[in-house]
>>> print(open('entry13.json').read())   # JSON, C-alpha atoms
[["chain", "number", "residue", "atom", "x", "y", "z"],
["R", 558, "LEU", "CA", 89.28, 96.82, 77.55],
["R", 559, "ALA", "CA", 92.00, 95.25, 79.70],
["R", 560, "LEU", "CA", 94.38, 94.99, 76.73],
["R", 561, "TYR", "CA", 93.74, 98.59, 75.69],
["R", 562, "VAL", "CA", 94.31, 99.92, 79.21],
["R", 563, "LEU", "CA", 97.46, 97.83, 79.63],
["R", 564, "ARG", "CA", 98.79, 99.06, 76.29],
["R", 565, "PHE", "CA", 98.18, 102.71, 77.17],
["R", 566, "THR", "CA", 99.72, 102.22, 80.63],
["R", 567, "PHE", "CA", 102.92, 100.91, 79.05],
["R", 568, "TYR", "CA", 102.88, 103.65, 76.41],
["R", 569, "GLN", "CA", 102.55, 106.60, 78.79],
["R", 570, "ALA", "CA", 105.01, 105.09, 81.28],
["R", 571, "LEU", "CA", 107.64, 104.47, 78.59],
["R", 572, "LEU", "CA", 107.18, 107.92, 77.05],
["R", 573, "SER", "CA", 107.31, 109.58, 80.47],
["R", 574, "THR", "CA", 110.51, 107.69, 81.33],
["R", 575, "VAL", "CA", 112.21, 108.75, 78.10],
["R", 576, "LEU", "CA", 111.26, 112.40, 78.66],
["R", 577, "THR", "CA", 112.43, 112.19, 82.27],
["R", 578, "PHE", "CA", 115.86, 111.01, 81.10],
["R", 579, "ILE", "CA", 116.03, 113.75, 78.48],
["R", 580, "LEU", "CA", 115.88, 116.28, 81.32],
["R", 581, "GLY", "CA", 117.40, 114.19, 84.10],
["R", 582, "LEU", "CA", 120.61, 113.04, 82.42],
["R", 583, "PRO", "CA", 121.94, 116.53, 81.58],
["R", 584, "SER", "CA", 120.85, 117.62, 85.06],
["R", 585, "SER", "CA", 122.91, 114.80, 86.57],
["R", 586, "VAL", "CA", 125.96, 116.00, 84.66],
["R", 587, "LEU", "CA", 125.29, 119.56, 85.79],
["R", 588, "PHE", "CA", 125.22, 118.69, 89.51],
["R", 589, "ALA", "CA", 127.99, 116.07, 89.39],
["R", 590, "ARG", "CA", 130.58, 117.89, 87.29],
["R", 591, "PHE", "CA", 130.09, 121.63, 87.80],
["R", 592, "ASP", "CA", 130.08, 124.04, 90.68],
["R", 593, "PHE", "CA", 128.07, 127.26, 90.38],
["R", 594, "ARG", "CA", 126.26, 129.80, 92.50],
["R", 595, "GLY", "CA", 122.90, 128.60, 93.76],
["R", 596, "LYS", "CA", 123.69, 124.91, 93.22],
["R", 597, "PRO", "CA", 122.48, 123.66, 96.66],
["R", 598, "LEU", "CA", 119.22, 125.59, 96.32],
["R", 599, "LEU", "CA", 118.59, 124.34, 92.79],
["R", 600, "ARG", "CA", 119.34, 120.77, 93.83],
["R", 601, "ALA", "CA", 116.88, 121.08, 96.71],
["R", 602, "LEU", "CA", 114.20, 122.52, 94.41],
["R", 603, "THR", "CA", 114.41, 119.50, 92.10],
["R", 604, "ALA", "CA", 113.56, 117.26, 95.07],
["R", 605, "VAL", "CA", 110.55, 119.26, 96.26],
["R", 606, "PRO", "CA", 108.03, 117.86, 93.70],
["R", 607, "PHE", "CA", 108.72, 114.28, 94.78],
["R", 608, "MET", "CA", 107.44, 115.15, 98.27],
["R", 609, "LEU", "CA", 104.38, 117.13, 97.20],
["R", 610, "PRO", "CA", 100.87, 115.61, 97.19],
["R", 611, "THR", "CA", 99.43, 114.93, 93.77],
["R", 612, "VAL", "CA", 96.54, 117.35, 94.38],
["R", 613, "VAL", "CA", 98.99, 120.19, 95.06],
["R", 614, "VAL", "CA", 100.96, 119.47, 91.89],
["R", 615, "ALA", "CA", 97.78, 119.29, 89.80],
["R", 616, "ALA", "CA", 96.54, 122.55, 91.31],
["R", 617, "GLY", "CA", 99.92, 124.18, 90.63],
["R", 618, "PHE", "CA", 99.91, 123.21, 86.96],
["R", 619, "ASN", "CA", 96.29, 124.28, 86.67],
["R", 620, "ALA", "CA", 97.15, 127.68, 88.16],
["R", 621, "LEU", "CA", 100.03, 128.02, 85.69],
["R", 622, "LEU", "CA", 98.72, 126.42, 82.49],
["R", 623, "GLY", "CA", 95.02, 125.84, 83.10],
["R", 624, "PRO", "CA", 92.16, 127.59, 81.28],
["R", 625, "ARG", "CA", 92.43, 130.54, 83.69],
["R", 626, "GLY", "CA", 96.10, 130.09, 84.49],
["R", 627, "TRP", "CA", 98.84, 132.68, 84.42],
["R", 628, "VAL", "CA", 100.17, 131.68, 81.02],
["R", 629, "ASN", "CA", 96.82, 131.80, 79.24],
["R", 630, "LEU", "CA", 95.78, 135.08, 80.87],
["R", 631, "THR", "CA", 99.06, 136.90, 80.28],
["R", 632, "LEU", "CA", 100.44, 135.45, 77.05],
["R", 633, "PHE", "CA", 97.66, 133.62, 75.20],
["R", 634, "SER", "CA", 94.49, 135.44, 76.18],
["R", 635, "ASN", "CA", 93.18, 135.50, 72.59],
["R", 636, "ALA", "CA", 94.06, 131.89, 71.74],
["R", 637, "PRO", "CA", 94.51, 129.99, 75.03],
["R", 638, "ILE", "CA", 96.54, 126.80, 75.04],
["R", 639, "HIS", "CA", 94.80, 123.58, 76.02],
["R", 640, "PHE", "CA", 96.94, 121.88, 78.63],
["R", 641, "TYR", "CA", 94.47, 120.54, 81.18],
["R", 642, "GLY", "CA", 92.99, 117.17, 80.21],
["R", 643, "THR", "CA", 95.69, 116.24, 77.69],
["R", 644, "LEU", "CA", 98.41, 113.61, 77.43],
["R", 645, "THR", "CA", 100.96, 116.43, 77.50],
["R", 646, "ALA", "CA", 99.81, 117.40, 80.99],
["R", 647, "ILE", "CA", 100.36, 113.82, 82.19],
["R", 648, "LEU", "CA", 103.84, 113.60, 80.69],
["R", 649, "VAL", "CA", 104.95, 116.99, 82.03],
["R", 650, "ALA", "CA", 103.72, 116.13, 85.53],
["R", 651, "HIS", "CA", 105.54, 112.79, 85.46],
["R", 652, "VAL", "CA", 108.78, 114.49, 84.42],
["R", 653, "PHE", "CA", 108.19, 117.09, 87.14],
["R", 654, "TYR", "CA", 107.85, 114.33, 89.73],
["R", 655, "ASN", "CA", 110.55, 111.88, 88.70],
["R", 656, "THR", "CA", 113.49, 113.90, 87.40],
["R", 657, "THR", "CA", 114.97, 113.96, 90.89],
["R", 658, "ILE", "CA", 115.24, 110.15, 90.82],
["R", 659, "VAL", "CA", 117.56, 110.29, 87.81],
["R", 660, "ILE", "CA", 119.53, 113.15, 89.36],
["R", 661, "ARG", "CA", 120.04, 111.26, 92.61],
["R", 662, "ILE", "CA", 120.90, 107.82, 91.21],
["R", 663, "VAL", "CA", 122.83, 108.71, 88.05],
["R", 664, "GLY", "CA", 124.32, 111.90, 89.49],
["R", 665, "ASN", "CA", 125.62, 110.07, 92.55],
["R", 666, "ALA", "CA", 127.21, 107.37, 90.37],
["R", 667, "LEU", "CA", 128.74, 110.02, 88.12],
["R", 668, "THR", "CA", 130.14, 111.88, 91.13],
["R", 669, "HIS", "CA", 131.91, 108.76, 92.43],
["R", 670, "LEU", "CA", 133.12, 107.57, 89.03],
["R", 671, "ASP", "CA", 136.89, 107.24, 88.95],
["R", 672, "PRO", "CA", 138.09, 110.27, 86.90],
["R", 673, "ARG", "CA", 141.33, 108.49, 85.97],
["R", 674, "LEU", "CA", 139.40, 106.33, 83.48],
["R", 675, "GLU", "CA", 138.27, 109.38, 81.50],
["R", 676, "GLN", "CA", 141.72, 110.96, 81.82],
["R", 677, "ALA", "CA", 143.31, 107.82, 80.40],
["R", 678, "ALA", "CA", 140.92, 107.90, 77.44],
["R", 679, "ARG", "CA", 141.77, 111.54, 76.73],
["R", 680, "THR", "CA", 145.46, 110.72, 76.96],
["R", 681, "LEU", "CA", 144.94, 108.11, 74.27],
["R", 682, "GLY", "CA", 143.40, 110.72, 71.96],
["R", 683, "ALA", "CA", 139.67, 110.40, 72.60],
["R", 684, "ASP", "CA", 137.68, 113.63, 72.32],
["R", 685, "HIS", "CA", 134.91, 114.68, 74.70],
["R", 686, "ARG", "CA", 132.18, 112.90, 72.72],
["R", 687, "ARG", "CA", 134.08, 109.61, 72.51],
["R", 688, "VAL", "CA", 134.92, 109.70, 76.21],
["R", 689, "TRP", "CA", 131.25, 110.16, 77.03],
["R", 690, "THR", "CA", 129.93, 107.48, 74.66],
["R", 691, "ARG", "CA", 132.74, 104.91, 74.94],
["R", 692, "VAL", "CA", 133.80, 105.24, 78.58],
["R", 693, "THR", "CA", 131.34, 107.13, 80.79],
["R", 694, "LEU", "CA", 127.99, 105.81, 79.53],
["R", 695, "PRO", "CA", 129.03, 102.13, 79.55],
["R", 696, "LEU", "CA", 130.24, 102.51, 83.14],
["R", 697, "LEU", "CA", 126.91, 104.11, 84.07],
["R", 698, "ARG", "CA", 124.83, 101.38, 82.41],
["R", 699, "ALA", "CA", 123.69, 99.81, 85.69],
["R", 700, "PRO", "CA", 122.74, 103.10, 87.43],
["R", 701, "LEU", "CA", 120.94, 104.24, 84.29],
["R", 702, "LEU", "CA", 118.98, 101.00, 84.16],
["R", 703, "ALA", "CA", 118.17, 101.20, 87.87],
["R", 704, "ALA", "CA", 116.92, 104.78, 87.58],
["R", 705, "GLY", "CA", 114.96, 103.93, 84.44],
["R", 706, "LEU", "CA", 113.21, 100.99, 86.08],
["R", 707, "LEU", "CA", 112.31, 103.01, 89.15],
["R", 708, "VAL", "CA", 110.94, 105.92, 87.10],
["R", 709, "PHE", "CA", 109.04, 103.50, 84.86],
["R", 710, "LEU", "CA", 107.54, 101.79, 87.90],
["R", 711, "PHE", "CA", 106.31, 105.09, 89.34],
["R", 712, "ASP", "CA", 104.84, 106.11, 85.99],
["R", 713, "PHE", "CA", 103.31, 102.67, 85.46],
["R", 714, "THR", "CA", 101.47, 102.87, 88.79],
["R", 715, "SER", "CA", 100.49, 106.53, 88.46],
["R", 716, "PHE", "CA", 96.96, 107.33, 89.62],
["R", 717, "GLY", "CA", 96.48, 110.88, 90.85],
["R", 718, "VAL", "CA", 98.36, 112.55, 88.00],
["R", 719, "ILE", "CA", 96.36, 110.66, 85.39],
["R", 720, "LEU", "CA", 92.99, 111.28, 87.01],
["R", 721, "LEU", "CA", 93.50, 114.94, 87.95],
["R", 722, "LEU", "CA", 95.43, 116.24, 84.95],
["R", 723, "GLY", "CA", 94.41, 113.83, 82.20],
["R", 724, "GLY", "CA", 90.98, 112.52, 83.07],
["R", 725, "PRO", "CA", 89.39, 109.10, 82.63],
["R", 726, "GLN", "CA", 89.85, 109.17, 78.86],
["R", 727, "PHE", "CA", 93.54, 108.48, 79.62],
["R", 728, "SER", "CA", 92.91, 105.48, 81.85],
["R", 729, "THR", "CA", 95.88, 103.55, 83.16],
["R", 730, "LEU", "CA", 95.43, 100.32, 85.07],
["R", 731, "GLU", "CA", 94.98, 102.03, 88.41],
["R", 732, "VAL", "CA", 92.56, 104.65, 87.08],
["R", 733, "GLU", "CA", 90.52, 101.99, 85.31],
["R", 734, "ILE", "CA", 90.41, 99.87, 88.47],
["R", 735, "TYR", "CA", 89.00, 102.89, 90.29],
["R", 736, "ILE", "CA", 86.40, 103.59, 87.59],
["R", 737, "GLN", "CA", 85.30, 99.97, 87.25],
["R", 738, "SER", "CA", 84.99, 99.37, 90.98],
["R", 739, "MET", "CA", 83.72, 102.71, 92.31],
["R", 740, "HIS", "CA", 81.57, 104.04, 89.46],
["R", 741, "LEU", "CA", 80.57, 101.13, 87.23],
["R", 742, "LEU", "CA", 80.52, 98.53, 90.02],
["R", 743, "ASN", "CA", 82.07, 96.04, 87.61],
["R", 744, "LEU", "CA", 83.99, 94.12, 90.24],
["R", 745, "PRO", "CA", 85.10, 91.18, 88.02],
["R", 746, "MET", "CA", 86.78, 93.56, 85.58],
["R", 747, "ALA", "CA", 88.31, 95.52, 88.46],
["R", 748, "ALA", "CA", 89.65, 92.26, 89.92],
["R", 749, "LEU", "CA", 91.16, 91.25, 86.58],
["R", 750, "LEU", "CA", 92.86, 94.63, 86.17],
["R", 751, "SER", "CA", 94.11, 94.49, 89.76],
["R", 752, "LEU", "CA", 95.67, 91.08, 89.12],
["R", 753, "ILE", "CA", 97.39, 92.38, 85.97],
["R", 754, "GLN", "CA", 98.63, 95.43, 87.88],
["R", 755, "LEU", "CA", 99.92, 93.27, 90.72],
["R", 756, "LEU", "CA", 101.80, 90.88, 88.43],
["R", 757, "PHE", "CA", 103.51, 93.61, 86.42],
["R", 758, "THR", "CA", 104.37, 95.64, 89.50],
["R", 759, "LEU", "CA", 105.88, 92.56, 91.15],
["R", 760, "ALA", "CA", 107.89, 91.77, 88.03],
["R", 761, "PHE", "CA", 109.29, 95.29, 87.75],
["R", 762, "SER", "CA", 110.08, 95.37, 91.47],
["R", 763, "VAL", "CA", 112.03, 92.09, 91.30],
["R", 764, "LEU", "CA", 113.89, 93.30, 88.22],
["R", 765, "TYR", "CA", 114.75, 96.58, 89.94],
["R", 766, "SER", "CA", 116.03, 94.76, 93.03],
["R", 767, "ARG", "CA", 118.35, 92.64, 90.91],
["R", 768, "VAL", "CA", 119.65, 95.64, 88.99],
["R", 769, "VAL", "CA", 120.31, 97.65, 92.17],
["R", 770, "THR", "CA", 122.50, 94.89, 93.61],
["R", 771, "ARG", "CA", 124.67, 95.09, 90.48],
["R", 772, "ALA", "CA", 124.68, 98.89, 90.12],
["R", 773, "LEU", "CA", 128.36, 99.24, 90.90],
["R", 774, "VAL", "CA", 130.74, 101.58, 89.10],
["R", 775, "PRO", "CA", 134.53, 101.96, 89.40],
["R", 776, "THR", "CA", 134.85, 104.53, 92.16],
["R", 777, "ALA", "CA", 137.63, 106.93, 93.05],
["R", 778, "PRO", "CA", 139.18, 106.93, 96.55],
["R", 779, "LYS", "CA", 137.08, 110.04, 97.18],
["R", 780, "PRO", "CA", 134.23, 111.67, 95.27],
["R", 781, "SER", "CA", 135.35, 113.78, 92.32],
["R", 782, "THR", "CA", 135.27, 117.50, 93.00],
["R", 783, "ALA", "CA", 132.94, 119.62, 90.92],
["R", 784, "ARG", "CA", 134.60, 122.59, 89.25],
["R", 785, "PRO", "CA", 133.39, 125.92, 87.87],
["R", 786, "PRO", "CA", 132.70, 125.94, 84.11],
["R", 787, "LYS", "CA", 135.72, 127.04, 82.12],
["R", 788, "SER", "CA", 135.02, 127.03, 78.40],
["R", 789, "LEU", "CA", 132.26, 128.99, 76.68],
["R", 790, "ARG", "CA", 130.39, 125.79, 75.88],
["R", 791, "GLU", "CA", 130.45, 124.76, 79.53],
["R", 792, "ARG", "CA", 129.21, 128.18, 80.65],
["R", 793, "ILE", "CA", 126.34, 128.06, 78.16],
["R", 794, "PHE", "CA", 125.46, 124.54, 79.31],
["R", 795, "VAL", "CA", 125.47, 125.47, 83.01],
["R", 796, "LEU", "CA", 123.54, 128.70, 82.47],
["R", 797, "GLY", "CA", 120.98, 127.09, 80.17],
["R", 798, "MET", "CA", 120.37, 124.12, 82.46],
["R", 799, "PHE", "CA", 120.13, 126.39, 85.50],
["R", 800, "PHE", "CA", 117.38, 128.53, 84.00],
["R", 801, "LEU", "CA", 115.60, 125.49, 82.52],
["R", 802, "LEU", "CA", 115.49, 123.63, 85.83],
["R", 803, "PHE", "CA", 114.65, 126.75, 87.82],
["R", 804, "THR", "CA", 111.78, 127.61, 85.49],
["R", 805, "PHE", "CA", 110.44, 124.07, 85.27],
["R", 806, "PHE", "CA", 110.48, 123.33, 89.00],
["R", 807, "VAL", "CA", 109.73, 126.75, 90.49],
["R", 808, "PHE", "CA", 106.97, 128.19, 88.31],
["R", 809, "PRO", "CA", 104.34, 125.47, 88.99],
["R", 810, "ILE", "CA", 105.07, 125.64, 92.73],
["R", 811, "LEU", "CA", 104.90, 129.45, 92.92],
["R", 812, "SER", "CA", 101.85, 129.71, 90.68],
["R", 813, "LEU", "CA", 99.59, 128.26, 93.34],
["R", 814, "PRO", "CA", 100.31, 130.74, 96.17],
["R", 815, "PHE", "CA", 100.30, 133.66, 93.74],
["R", 816, "ARG", "CA", 97.03, 132.33, 92.34],
["R", 817, "SER", "CA", 95.48, 132.70, 95.79],
["R", 818, "LEU", "CA", 96.50, 136.37, 95.90],
["R", 819, "ALA", "CA", 95.11, 137.34, 92.50],
["R", 820, "ARG", "CA", 91.64, 137.19, 91.03],
["R", 821, "LEU", "CA", 91.85, 134.92, 88.00],
["R", 822, "ASP", "CA", 88.31, 133.54, 88.06],
["R", 823, "ALA", "CA", 85.84, 134.54, 85.39],
["R", 824, "ASP", "CA", 82.89, 136.76, 86.13],
["R", 825, "ARG", "CA", 79.67, 135.03, 87.07],
["R", 826, "GLY", "CA", 78.22, 135.51, 83.61],
["R", 827, "GLN", "CA", 81.32, 134.05, 81.97],
["R", 828, "ARG", "CA", 81.76, 130.97, 84.12],
["R", 829, "SER", "CA", 79.76, 128.76, 81.80],
["R", 830, "GLU", "CA", 82.40, 129.41, 79.14],
["R", 831, "VAL", "CA", 85.28, 128.36, 81.33],
["R", 832, "THR", "CA", 86.16, 124.68, 81.72],
["R", 833, "TYR", "CA", 88.06, 123.73, 84.85],
["R", 834, "GLY", "CA", 88.18, 120.02, 84.09],
["R", 835, "LEU", "CA", 85.95, 117.19, 83.03],
["R", 836, "THR", "CA", 82.31, 117.85, 83.91],
["R", 837, "ALA", "CA", 79.86, 115.44, 85.49],
["R", 838, "ASP", "CA", 78.05, 115.09, 82.16],
["R", 839, "TYR", "CA", 81.26, 113.99, 80.51],
["R", 840, "TYR", "CA", 81.89, 111.40, 83.20],
["R", 841, "ARG", "CA", 78.32, 110.13, 82.92],
["R", 842, "GLU", "CA", 78.56, 109.79, 79.15],
["R", 843, "LEU", "CA", 81.92, 108.09, 79.43],
["R", 844, "PHE", "CA", 80.66, 105.55, 81.94],
["R", 845, "ILE", "CA", 77.53, 104.83, 79.90],
["R", 846, "ASN", "CA", 79.64, 104.17, 76.80],
["R", 847, "ARG", "CA", 81.98, 101.86, 78.69],
["R", 848, "ARG", "CA", 79.15, 99.98, 80.30],
["R", 849, "GLY", "CA", 77.63, 99.45, 76.90]]
>>> encode(input="entry13.json", output="structure tokens")
Amino acid sequence: LALYVLRFTFYQALLSTVLTFILGLPSSVLFARFDFRGKPLLRALTAVPFMLPTVVVAAGFNALLGPRGWVNLTLFSNAPIHFYGTLTAILVAHVFYNTTIVIRIVGNALTHLDPRLEQAARTLGADHRRVWTRVTLPLLRAPLLAAGLLVFLFDFTSFGVILLLGGPQFSTLEVEIYIQSMHLLNLPMAALLSLIQLLFTLAFSVLYSRVVTRALVPTAPKPSTARPPKSLRERIFVLGMFFLLFTFFVFPILSLPFRSLARLDADRGQRSEVTYGLTADYYRELFINRRG
């Protein structure tokens, strides 16, 4: 059991970190290199999820993508999507939480990167792709590693997101410690998992501390100034990222207050057909199987 839980904890944390960088790295370029209308507001919105309680985030995603959420009721009423209680829900919530870490660490390093290095590469004939892969990314190696370790550490120690959006069938170390100690009363197993969690958390924390002390990039005398997008490709990039970030970070937050103003619950006779999460029978069966 311990090996299985440890393996899944690493798997979901690694996958969540990769997905966070897929969204966070272009977002860092957006905020560091371009100036556009609504930039301060959008930057603030990306930081809001990191300060929200896990219960609020879970309720927001449930109001948006749950069995009786806005998306299923308005777009997929005939064939509702199954988001709640899936690995996808866990990954999306982790990206929702941790993208701001990549934006802050990598974006700040990119803002203070000496622009003369990229200008020199272009003078020598390097195109935009070569400048990015041969000059910019190698200089950002330390900030990228620092952000990756921090995001991985948060995902590795995730508890509320896993339990509320995924359920105990997606047990990480912390969720399994909770189940073994509070429900199964298997204190030796809970102690073993706690020791494993403590050792790995300590190792990642020490590694992160060492990386942060070396996360230095060649800086300009003053931070580089963001500019409005000029070419068509830059305009498409800025517009696309703006709507992607706005949609991803605003819709789950707004779904909850709008959910309180609208009647989305099923009628009394239909409530047995609606699943809001994992039922007590499911938990009981799960615990019996694990105990056996």
>>> closest_residue(input="entry13.json", among="R:Gly623, R:Pro809, R:Pro597, R:Gly705", to="R:Leu722", atoms="all atoms listed in the file")
R:Gly623
>>> closest_residue(input="entry13.json", among="R:Gly723, R:Gly626, R:Pro695, R:Pro637", to="R:Leu670", atoms="all atoms listed in the file")
R:Pro695
>>> axis_aligned_box(input="entry13.json", around="stretch 717-732 of chain R", padding_each_side="6 Å", output="JSON")
{"center_x": 93.9, "center_y": 108.3, "center_z": 84.9, "size_x": 21.0, "size_y": 27.9, "size_z": 24.0}
>>> atom_distance(input="entry13.json", atom1="atom CA of R:Glu731", atom2="atom CA of R:Asn619")
22.4 Å
>>> atom_distance(input="entry13.json", atom1="atom CA of R:Gly717", atom2="atom CA of R:His639")
19.6 Å
>>> closest_atom_pairs(input="entry13.json", of="stretch 785-822 of chain R", to="stretch 582-589 of chain R", cutoff="10 Å", atoms="all atoms listed in the file", output="Markdown table")
| residue | atom | partner | partner_atom | distance |
| --- | --- | --- | --- | --- |
| R:Pro786 | CA | R:Leu587 | CA | 9.9 |
| R:Glu791 | CA | R:Leu587 | CA | 9.6 |
| R:Phe794 | CA | R:Leu587 | CA | 8.2 |
| R:Val795 | CA | R:Leu587 | CA | 6.5 |
| R:Leu796 | CA | R:Leu587 | CA | 9.9 |
| R:Met798 | CA | R:Ser584 | CA | 7.0 |
| R:Phe799 | CA | R:Leu587 | CA | 8.6 |
| R:Leu801 | CA | R:Ser584 | CA | 9.8 |
| R:Leu802 | CA | R:Ser584 | CA | 8.1 |
>>> residues_near_point(input="entry13.json", point="(102.5, 109.2, 78.7)", cutoff="12 Å", atoms="all atoms listed in the file", output="count of residues only")
36
>>> residues_around(input="entry13.json", residues="R:Phe653", least_positions_apart="4", cutoff="8 Å", atoms="only C-alpha atoms", output="PDB file with C-alpha atoms, keeping the file's coordinate frame")
ATOM      1  CA  PRO R 606     108.030 117.860  93.700  1.00  0.00           C
ATOM      2  CA  VAL R 649     104.950 116.990  82.030  1.00  0.00           C
ATOM      3  CA  PHE R 805     110.440 124.070  85.270  1.00  0.00           C
ATOM      4  CA  PHE R 806     110.480 123.330  89.000  1.00  0.00           C
TER       5      PHE R 806
END
